Amino acid sequence: IGVSIAATFELLVTLLAVIELLVFMGVVAPGFSLTNFVAHGWAGQETFSLASVSGIFAAIPFAIWFFLAIEGVAMAAEEAKDPRRTIPRADISGILTLVVLAVGVMVFAGGAGDWRPLSGINDPLPQAMKMLVGNDSR
């Protein structure tokens with residue numbers, strides 16, 4: 001019973017997070033501009049260079065949350081009825097879902113306006129939404 005409750009709770013939290021990210025993308029999508037997204041280039045330069053590589057590596061710690069979903073799959077492995085079939089499907093679908101959502105959030109948040117103020121704050125998603133809907137929106 002404990003594993004069932006834990007798995008159900010984990011699924012519920014995951015669904016809420018996915019819905020929240022989809023709502024975010026839906027709100028900022030109408031204000032997306034490719035011009036905003038590509039403005040100011042790579043690491044402040046207009047073209048990709050070696051200076052950009054350090055920024056890519058600096059962002060890796062923020063991407064570690066991708067691997068948290070894999071932990072949940074491993075914990076449920078003992079309780080699966082057909083683990084040879086279901087665990088690989090769960091791993092692949094979980095990773096694909098995370099990649100699609102991460103790319104969507106990155107692209108839509110970066111194209112909502114000038115992305116430079118968003119790059120140094122702890123809450124870029126609400127701030128990206130404020131760029132489009134204003135400070136007084138709820």
# chains A, B, ... in the order shown; residues from 1 in each chain; ligands from 1

call {"tool": "residues_around", "arguments": {"residues": "A:Ser33", "least_positions_apart": "2", "cutoff": "9 Å", "atoms": "only C-alpha atoms", "output": "list in words"}}
result
Ala29, Pro30, Gly31, Thr35, Asn36, Phe37, Val38, Phe108, Gly110, Gly111, Ala112 and Gly113 of chain A

call {"tool": "atom_distance", "arguments": {"atom1": "atom CA of A:His40", "atom2": "atom CA of A:Val105"}}
result
19.0 Å

call {"tool": "residues_around", "arguments": {"residues": "stretch 118-132 of chain A", "least_positions_apart": "2", "cutoff": "8 Å", "atoms": "only C-alpha atoms", "output": "PyMOL selection string"}}
result
chain A and resi 24+27-28+31+109+112-116+134-135+137

call {"tool": "write_last_selection", "arguments": {"atoms": "N, CA and C atoms", "output": "PDB file, in the first residue's frame"}}
result
ATOM      1  N   PHE A  24       2.233  28.085 -18.467  1.00  0.00           N
ATOM      2  CA  PHE A  24       3.237  29.123 -18.682  1.00  0.00           C
ATOM      3  C   PHE A  24       3.506  29.304 -20.169  1.00  0.00           C
ATOM      4  N   VAL A  27       0.646  30.993 -21.943  1.00  0.00           N
ATOM      5  CA  VAL A  27       0.502  32.425 -21.652  1.00  0.00           C
ATOM      6  C   VAL A  27       1.538  33.246 -22.412  1.00  0.00           C
ATOM      7  N   VAL A  28       2.767  32.775 -22.473  1.00  0.00           N
ATOM      8  CA  VAL A  28       3.818  33.577 -23.107  1.00  0.00           C
ATOM      9  C   VAL A  28       3.952  33.325 -24.612  1.00  0.00           C
ATOM     10  N   GLY A  31       3.258  36.202 -27.086  1.00  0.00           N
ATOM     11  CA  GLY A  31       4.233  37.286 -27.076  1.00  0.00           C
ATOM     12  C   GLY A  31       5.616  36.864 -27.523  1.00  0.00           C
ATOM     13  N   ALA A 109      10.398  31.520 -22.689  1.00  0.00           N
ATOM     14  CA  ALA A 109      10.847  32.529 -21.722  1.00  0.00           C
ATOM     15  C   ALA A 109      11.881  33.453 -22.368  1.00  0.00           C
ATOM     16  N   ALA A 112      10.172  36.013 -24.795  1.00  0.00           N
ATOM     17  CA  ALA A 112       9.078  36.842 -24.281  1.00  0.00           C
ATOM     18  C   ALA A 112       9.448  38.323 -24.257  1.00  0.00           C
ATOM     19  N   GLY A 113      10.701  38.621 -24.238  1.00  0.00           N
ATOM     20  CA  GLY A 113      11.181  40.000 -24.180  1.00  0.00           C
ATOM     21  C   GLY A 113      12.690  39.972 -24.084  1.00  0.00           C
ATOM     22  N   ASP A 114      13.249  41.021 -23.545  1.00  0.00           N
ATOM     23  CA  ASP A 114      14.705  41.058 -23.356  1.00  0.00           C
ATOM     24  C   ASP A 114      15.066  40.028 -22.289  1.00  0.00           C
ATOM     25  N   TRP A 115      15.770  38.977 -22.664  1.00  0.00           N
ATOM     26  CA  TRP A 115      16.067  37.870 -21.757  1.00  0.00           C
ATOM     27  C   TRP A 115      17.188  38.181 -20.778  1.00  0.00           C
ATOM     28  N   ARG A 116      17.938  39.250 -21.014  1.00  0.00           N
ATOM     29  CA  ARG A 116      19.077  39.551 -20.141  1.00  0.00           C
ATOM     30  C   ARG A 116      18.675  39.788 -18.680  1.00  0.00           C
ATOM     31  N   GLY A 134       1.946  42.129 -17.593  1.00  0.00           N
ATOM     32  CA  GLY A 134       2.017  43.268 -16.680  1.00  0.00           C
ATOM     33  C   GLY A 134       2.155  42.828 -15.231  1.00  0.00           C
ATOM     34  N   ASN A 135       2.537  43.784 -14.380  1.00  0.00           N
ATOM     35  CA  ASN A 135       2.756  43.510 -12.964  1.00  0.00           C
ATOM     36  C   ASN A 135       1.479  43.286 -12.179  1.00  0.00           C
ATOM     37  N   SER A 137      -1.306  41.785 -13.160  1.00  0.00           N
ATOM     38  CA  SER A 137      -2.099  40.625 -13.577  1.00  0.00           C
ATOM     39  C   SER A 137      -2.053  39.533 -12.525  1.00  0.00           C
TER      40      SER A 137
END

call {"tool": "select_by_dssp", "arguments": {"residues": "chain A", "states": "helix (DSSP H, G or I)", "output": "tab-separated table (two decimals) with N, CA and C atoms, in the first residue's frame"}}
result
chain	number	residue	atom	x	y	z
A	2	GLY	N	1.98	1.23	0.75
A	2	GLY	CA	2.85	2.39	0.84
A	2	GLY	C	3.46	2.78	-0.50
A	3	VAL	N	3.88	1.78	-1.27
A	3	VAL	CA	4.45	2.06	-2.59
A	3	VAL	C	3.39	2.64	-3.50
A	4	SER	N	2.18	2.12	-3.43
A	4	SER	CA	1.10	2.63	-4.26
A	4	SER	C	0.77	4.08	-3.92
A	5	ILE	N	0.72	4.40	-2.64
A	5	ILE	CA	0.44	5.78	-2.24
A	5	ILE	C	1.57	6.71	-2.68
A	6	ALA	N	2.82	6.28	-2.49
A	6	ALA	CA	3.96	7.11	-2.89
A	6	ALA	C	3.98	7.34	-4.40
A	7	ALA	N	3.71	6.29	-5.17
A	7	ALA	CA	3.71	6.43	-6.63
A	7	ALA	C	2.57	7.33	-7.09
A	8	THR	N	1.41	7.20	-6.45
A	8	THR	CA	0.27	8.05	-6.80
A	8	THR	C	0.56	9.51	-6.49
A	9	PHE	N	1.16	9.76	-5.32
A	9	PHE	CA	1.52	11.13	-4.95
A	9	PHE	C	2.54	11.71	-5.92
A	10	GLU	N	3.56	10.91	-6.28
A	10	GLU	CA	4.57	11.36	-7.22
A	10	GLU	C	3.96	11.67	-8.58
A	11	LEU	N	3.02	10.85	-9.02
A	11	LEU	CA	2.34	11.09	-10.29
A	11	LEU	C	1.52	12.38	-10.23
A	12	LEU	N	0.83	12.61	-9.13
A	12	LEU	CA	0.01	13.81	-8.98
A	12	LEU	C	0.88	15.07	-9.01
A	13	VAL	N	1.98	15.06	-8.29
A	13	VAL	CA	2.88	16.22	-8.28
A	13	VAL	C	3.47	16.45	-9.67
A	14	THR	N	3.83	15.38	-10.35
A	14	THR	CA	4.37	15.49	-11.70
A	14	THR	C	3.34	16.08	-12.66
A	15	LEU	N	2.11	15.61	-12.59
A	15	LEU	CA	1.05	16.14	-13.45
A	15	LEU	C	0.81	17.62	-13.19
A	16	LEU	N	0.81	18.02	-11.93
A	16	LEU	CA	0.63	19.43	-11.61
A	16	LEU	C	1.77	20.27	-12.18
A	17	ALA	N	3.00	19.78	-12.08
A	17	ALA	CA	4.14	20.50	-12.63
A	17	ALA	C	4.06	20.62	-14.14
A	18	VAL	N	3.67	19.54	-14.81
A	18	VAL	CA	3.55	19.57	-16.27
A	18	VAL	C	2.46	20.55	-16.68
A	19	ILE	N	1.33	20.52	-15.98
A	19	ILE	CA	0.23	21.45	-16.30
A	19	ILE	C	0.68	22.90	-16.10
A	20	GLU	N	1.41	23.15	-15.01
A	20	GLU	CA	1.90	24.50	-14.75
A	20	GLU	C	2.82	24.97	-15.87
A	21	LEU	N	3.72	24.12	-16.31
A	21	LEU	CA	4.64	24.51	-17.39
A	21	LEU	C	3.90	24.72	-18.71
A	22	LEU	N	2.89	23.90	-18.98
A	22	LEU	CA	2.10	24.09	-20.20
A	22	LEU	C	1.31	25.40	-20.15
A	23	VAL	N	0.77	25.74	-18.97
A	23	VAL	CA	0.06	27.02	-18.82
A	23	VAL	C	1.04	28.17	-19.05
A	24	PHE	N	2.23	28.08	-18.47
A	24	PHE	CA	3.24	29.12	-18.68
A	24	PHE	C	3.51	29.30	-20.17
A	25	MET	N	3.75	28.19	-20.87
A	25	MET	CA	4.06	28.29	-22.30
A	25	MET	C	2.87	28.85	-23.08
A	26	GLY	N	1.65	28.48	-22.66
A	26	GLY	CA	0.46	29.00	-23.33
A	26	GLY	C	0.29	30.50	-23.13
A	27	VAL	N	0.65	30.99	-21.94
A	27	VAL	CA	0.50	32.42	-21.65
A	27	VAL	C	1.54	33.25	-22.41
A	28	VAL	N	2.77	32.78	-22.47
A	28	VAL	CA	3.82	33.58	-23.11
A	28	VAL	C	3.95	33.32	-24.61
A	29	ALA	N	3.35	32.27	-25.13
A	29	ALA	CA	3.48	31.96	-26.56
A	29	ALA	C	3.00	33.10	-27.46
A	30	PRO	N	1.88	33.77	-27.17
A	30	PRO	CA	1.46	34.86	-28.07
A	30	PRO	C	2.46	36.02	-28.13
A	31	GLY	N	3.26	36.20	-27.09
A	31	GLY	CA	4.23	37.29	-27.08
A	31	GLY	C	5.62	36.86	-27.52
A	34	LEU	N	11.05	35.68	-32.15
A	34	LEU	CA	12.36	35.09	-32.45
A	34	LEU	C	13.45	36.16	-32.36
A	35	THR	N	13.10	37.39	-32.68
A	35	THR	CA	14.05	38.49	-32.58
A	35	THR	C	14.52	38.66	-31.14
A	36	ASN	N	13.58	38.58	-30.17
A	36	ASN	CA	13.97	38.67	-28.76
A	36	ASN	C	14.83	37.48	-28.35
A	37	PHE	N	14.48	36.31	-28.83
A	37	PHE	CA	15.20	35.10	-28.42
A	37	PHE	C	16.66	35.12	-28.86
A	38	VAL	N	16.92	35.59	-30.08
A	38	VAL	CA	18.29	35.58	-30.60
A	38	VAL	C	19.03	36.88	-30.36
A	50	LEU	N	34.04	30.32	-28.39
A	50	LEU	CA	34.50	29.57	-27.22
A	50	LEU	C	34.05	30.22	-25.91
A	51	ALA	N	33.79	31.51	-25.92
A	51	ALA	CA	33.30	32.19	-24.71
A	51	ALA	C	31.93	31.66	-24.31
A	52	SER	N	31.17	31.15	-25.25
A	52	SER	CA	29.84	30.62	-24.97
A	52	SER	C	29.90	29.29	-24.24
A	53	VAL	N	30.93	28.52	-24.42
A	53	VAL	CA	31.04	27.18	-23.85
A	53	VAL	C	31.05	27.24	-22.32
A	54	SER	N	31.71	28.22	-21.73
A	54	SER	CA	31.74	28.31	-20.27
A	54	SER	C	30.34	28.56	-19.71
A	55	GLY	N	29.52	29.32	-20.41
A	55	GLY	CA	28.14	29.54	-19.98
A	55	GLY	C	27.30	28.28	-20.06
A	56	ILE	N	27.55	27.47	-21.07
A	56	ILE	CA	26.82	26.21	-21.21
A	56	ILE	C	27.16	25.29	-20.04
A	57	PHE	N	28.44	25.19	-19.70
A	57	PHE	CA	28.83	24.34	-18.58
A	57	PHE	C	28.35	24.90	-17.24
A	58	ALA	N	28.28	26.22	-17.13
A	58	ALA	CA	27.78	26.83	-15.89
A	58	ALA	C	26.30	26.53	-15.68
A	60	ILE	N	24.82	23.63	-16.33
A	60	ILE	CA	24.60	22.21	-16.06
A	60	ILE	C	23.99	21.95	-14.68
A	61	PRO	N	24.44	22.59	-13.62
A	61	PRO	CA	23.81	22.30	-12.31
A	61	PRO	C	22.30	22.58	-12.29
A	62	PHE	N	21.85	23.52	-13.09
A	62	PHE	CA	20.42	23.83	-13.12
A	62	PHE	C	19.64	22.78	-13.91
A	63	ALA	N	20.31	21.96	-14.69
A	63	ALA	CA	19.65	20.92	-15.47
A	63	ALA	C	19.63	19.59	-14.74
A	64	ILE	N	20.23	19.51	-13.57
A	64	ILE	CA	20.31	18.25	-12.85
A	64	ILE	C	18.94	17.74	-12.46
A	65	TRP	N	17.94	18.62	-12.34
A	65	TRP	CA	16.61	18.16	-11.96
A	65	TRP	C	16.05	17.18	-12.97
A	66	PHE	N	16.61	17.14	-14.19
A	66	PHE	CA	16.17	16.15	-15.17
A	66	PHE	C	16.31	14.73	-14.64
A	67	PHE	N	17.33	14.49	-13.84
A	67	PHE	CA	17.63	13.14	-13.40
A	67	PHE	C	16.77	12.69	-12.22
A	68	LEU	N	16.01	13.57	-11.62
A	68	LEU	CA	15.17	13.19	-10.50
A	68	LEU	C	14.06	12.23	-10.93
A	69	ALA	N	13.58	12.36	-12.15
A	69	ALA	CA	12.52	11.46	-12.62
A	69	ALA	C	13.04	10.03	-12.75
A	70	ILE	N	14.29	9.87	-13.07
A	70	ILE	CA	14.86	8.54	-13.21
A	70	ILE	C	14.87	7.83	-11.86
A	71	GLU	N	15.12	8.59	-10.79
A	71	GLU	CA	15.13	8.01	-9.45
A	71	GLU	C	13.76	7.40	-9.10
A	72	GLY	N	12.69	8.10	-9.45
A	72	GLY	CA	11.35	7.59	-9.18
A	72	GLY	C	11.07	6.29	-9.91
A	73	VAL	N	11.55	6.18	-11.13
A	73	VAL	CA	11.35	4.96	-11.90
A	73	VAL	C	12.12	3.81	-11.27
A	74	ALA	N	13.33	4.07	-10.82
A	74	ALA	CA	14.13	3.01	-10.20
A	74	ALA	C	13.50	2.52	-8.91
A	75	MET	N	12.92	3.43	-8.14
A	75	MET	CA	12.30	3.04	-6.88
A	75	MET	C	11.05	2.18	-7.12
A	77	ALA	N	10.70	0.05	-9.59
A	77	ALA	CA	11.05	-1.11	-10.40
A	77	ALA	C	10.63	-2.43	-9.75
A	78	GLU	N	10.76	-2.53	-8.45
A	78	GLU	CA	10.43	-3.79	-7.78
A	78	GLU	C	8.93	-4.07	-7.82
A	79	GLU	N	8.12	-3.04	-7.90
A	79	GLU	CA	6.68	-3.21	-7.83
A	79	GLU	C	6.02	-3.35	-9.21
A	83	PRO	N	8.61	-5.51	-15.40
A	83	PRO	CA	9.64	-4.48	-15.41
A	83	PRO	C	10.47	-4.42	-16.69
A	84	ARG	N	10.67	-5.53	-17.37
A	84	ARG	CA	11.46	-5.50	-18.61
A	84	ARG	C	10.81	-4.65	-19.68
A	85	ARG	N	9.50	-4.56	-19.64
A	85	ARG	CA	8.78	-3.77	-20.64
A	85	ARG	C	8.45	-2.37	-20.13
A	86	THR	N	8.00	-2.27	-18.89
A	86	THR	CA	7.49	-0.99	-18.41
A	86	THR	C	8.57	-0.01	-17.96
A	87	ILE	N	9.65	-0.48	-17.37
A	87	ILE	CA	10.68	0.43	-16.88
A	87	ILE	C	11.37	1.18	-18.03
A	88	PRO	N	11.78	0.50	-19.12
A	88	PRO	CA	12.37	1.27	-20.24
A	88	PRO	C	11.38	2.27	-20.83
A	89	ARG	N	10.11	1.88	-20.93
A	89	ARG	CA	9.11	2.82	-21.45
A	89	ARG	C	8.98	4.03	-20.53
A	90	ALA	N	8.97	3.79	-19.23
A	90	ALA	CA	8.85	4.89	-18.27
A	90	ALA	C	10.07	5.80	-18.35
A	91	ASP	N	11.26	5.22	-18.41
A	91	ASP	CA	12.48	6.02	-18.52
A	91	ASP	C	12.46	6.90	-19.77
A	92	ILE	N	12.18	6.30	-20.90
A	92	ILE	CA	12.21	7.03	-22.17
A	92	ILE	C	11.14	8.10	-22.21
A	93	SER	N	9.92	7.77	-21.82
A	93	SER	CA	8.85	8.77	-21.88
A	93	SER	C	9.09	9.89	-20.87
A	94	GLY	N	9.64	9.57	-19.69
A	94	GLY	CA	9.95	10.60	-18.71
A	94	GLY	C	11.01	11.56	-19.20
A	95	ILE	N	12.08	11.02	-19.76
A	95	ILE	CA	13.16	11.88	-20.25
A	95	ILE	C	12.70	12.72	-21.43
A	96	LEU	N	11.94	12.14	-22.35
A	96	LEU	CA	11.42	12.91	-23.49
A	96	LEU	C	10.50	14.03	-23.03
A	97	THR	N	9.64	13.74	-22.06
A	97	THR	CA	8.75	14.77	-21.53
A	97	THR	C	9.54	15.91	-20.92
A	98	LEU	N	10.56	15.59	-20.12
A	98	LEU	CA	11.38	16.62	-19.51
A	98	LEU	C	12.14	17.45	-20.54
A	99	VAL	N	12.67	16.81	-21.56
A	99	VAL	CA	13.41	17.54	-22.59
A	99	VAL	C	12.48	18.49	-23.34
A	100	VAL	N	11.30	18.00	-23.73
A	100	VAL	CA	10.34	18.84	-24.46
A	100	VAL	C	9.92	20.04	-23.61
A	101	LEU	N	9.60	19.79	-22.34
A	101	LEU	CA	9.18	20.89	-21.47
A	101	LEU	C	10.33	21.88	-21.22
A	102	ALA	N	11.54	21.38	-21.02
A	102	ALA	CA	12.68	22.27	-20.77
A	102	ALA	C	12.98	23.14	-21.98
A	103	VAL	N	12.96	22.55	-23.16
A	103	VAL	CA	13.21	23.33	-24.38
A	103	VAL	C	12.09	24.34	-24.59
A	104	GLY	N	10.85	23.92	-24.37
A	104	GLY	CA	9.72	24.84	-24.53
A	104	GLY	C	9.81	26.02	-23.58
A	105	VAL	N	10.11	25.76	-22.32
A	105	VAL	CA	10.23	26.83	-21.33
A	105	VAL	C	11.38	27.76	-21.69
A	106	MET	N	12.52	27.18	-22.08
A	106	MET	CA	13.68	28.00	-22.43
A	106	MET	C	13.36	28.91	-23.62
A	107	VAL	N	12.76	28.34	-24.66
A	107	VAL	CA	12.49	29.11	-25.87
A	107	VAL	C	11.44	30.19	-25.61
A	108	PHE	N	10.34	29.82	-24.97
A	108	PHE	CA	9.28	30.80	-24.75
A	108	PHE	C	9.68	31.88	-23.75
A	109	ALA	N	10.40	31.52	-22.69
A	109	ALA	CA	10.85	32.53	-21.72
A	109	ALA	C	11.88	33.45	-22.37
A	110	GLY	N	12.77	32.88	-23.17
A	110	GLY	CA	13.79	33.69	-23.83
A	110	GLY	C	13.26	34.59	-24.91
A	116	ARG	N	17.94	39.25	-21.01
A	116	ARG	CA	19.08	39.55	-20.14
A	116	ARG	C	18.68	39.79	-18.68
A	117	PRO	N	17.58	40.50	-18.39
A	117	PRO	CA	17.19	40.63	-16.98
A	117	PRO	C	16.77	39.30	-16.35
A	118	LEU	N	16.31	38.35	-17.15
A	118	LEU	CA	15.89	37.05	-16.63
A	118	LEU	C	17.07	36.15	-16.29
A	119	SER	N	18.23	36.43	-16.88
A	119	SER	CA	19.35	35.51	-16.73
A	119	SER	C	20.00	35.54	-15.35
A	120	GLY	N	19.75	36.56	-14.57
A	120	GLY	CA	20.41	36.65	-13.28
A	120	GLY	C	19.48	36.60	-12.08
A	124	PRO	N	12.71	33.27	-13.04
A	124	PRO	CA	12.56	33.81	-14.39
A	124	PRO	C	11.19	33.57	-15.01
A	125	LEU	N	10.50	32.50	-14.65
A	125	LEU	CA	9.21	32.23	-15.30
A	125	LEU	C	8.15	33.27	-14.94
A	126	PRO	N	7.93	33.57	-13.66
A	126	PRO	CA	6.96	34.62	-13.37
A	126	PRO	C	7.36	35.98	-13.95
A	127	GLN	N	8.66	36.26	-13.95
A	127	GLN	CA	9.11	37.54	-14.49
A	127	GLN	C	8.91	37.60	-16.00
A	128	ALA	N	9.10	36.49	-16.69
A	128	ALA	CA	8.83	36.46	-18.14
A	128	ALA	C	7.35	36.69	-18.41
A	129	MET	N	6.50	36.12	-17.57
A	129	MET	CA	5.06	36.34	-17.74
A	129	MET	C	4.70	37.80	-17.48
A	130	LYS	N	5.36	38.42	-16.48
A	130	LYS	CA	5.09	39.83	-16.17
A	130	LYS	C	5.45	40.74	-17.33
A	131	MET	N	6.46	40.35	-18.13
A	131	MET	CA	6.83	41.14	-19.28
A	131	MET	C	5.67	41.26	-20.26
A	132	LEU	N	4.86	40.21	-20.32
A	132	LEU	CA	3.78	40.17	-21.31
A	132	LEU	C	2.42	40.59	-20.75
A	133	VAL	N	2.13	40.20	-19.51
A	133	VAL	CA	0.79	40.46	-18.97
A	133	VAL	C	0.78	41.62	-17.99
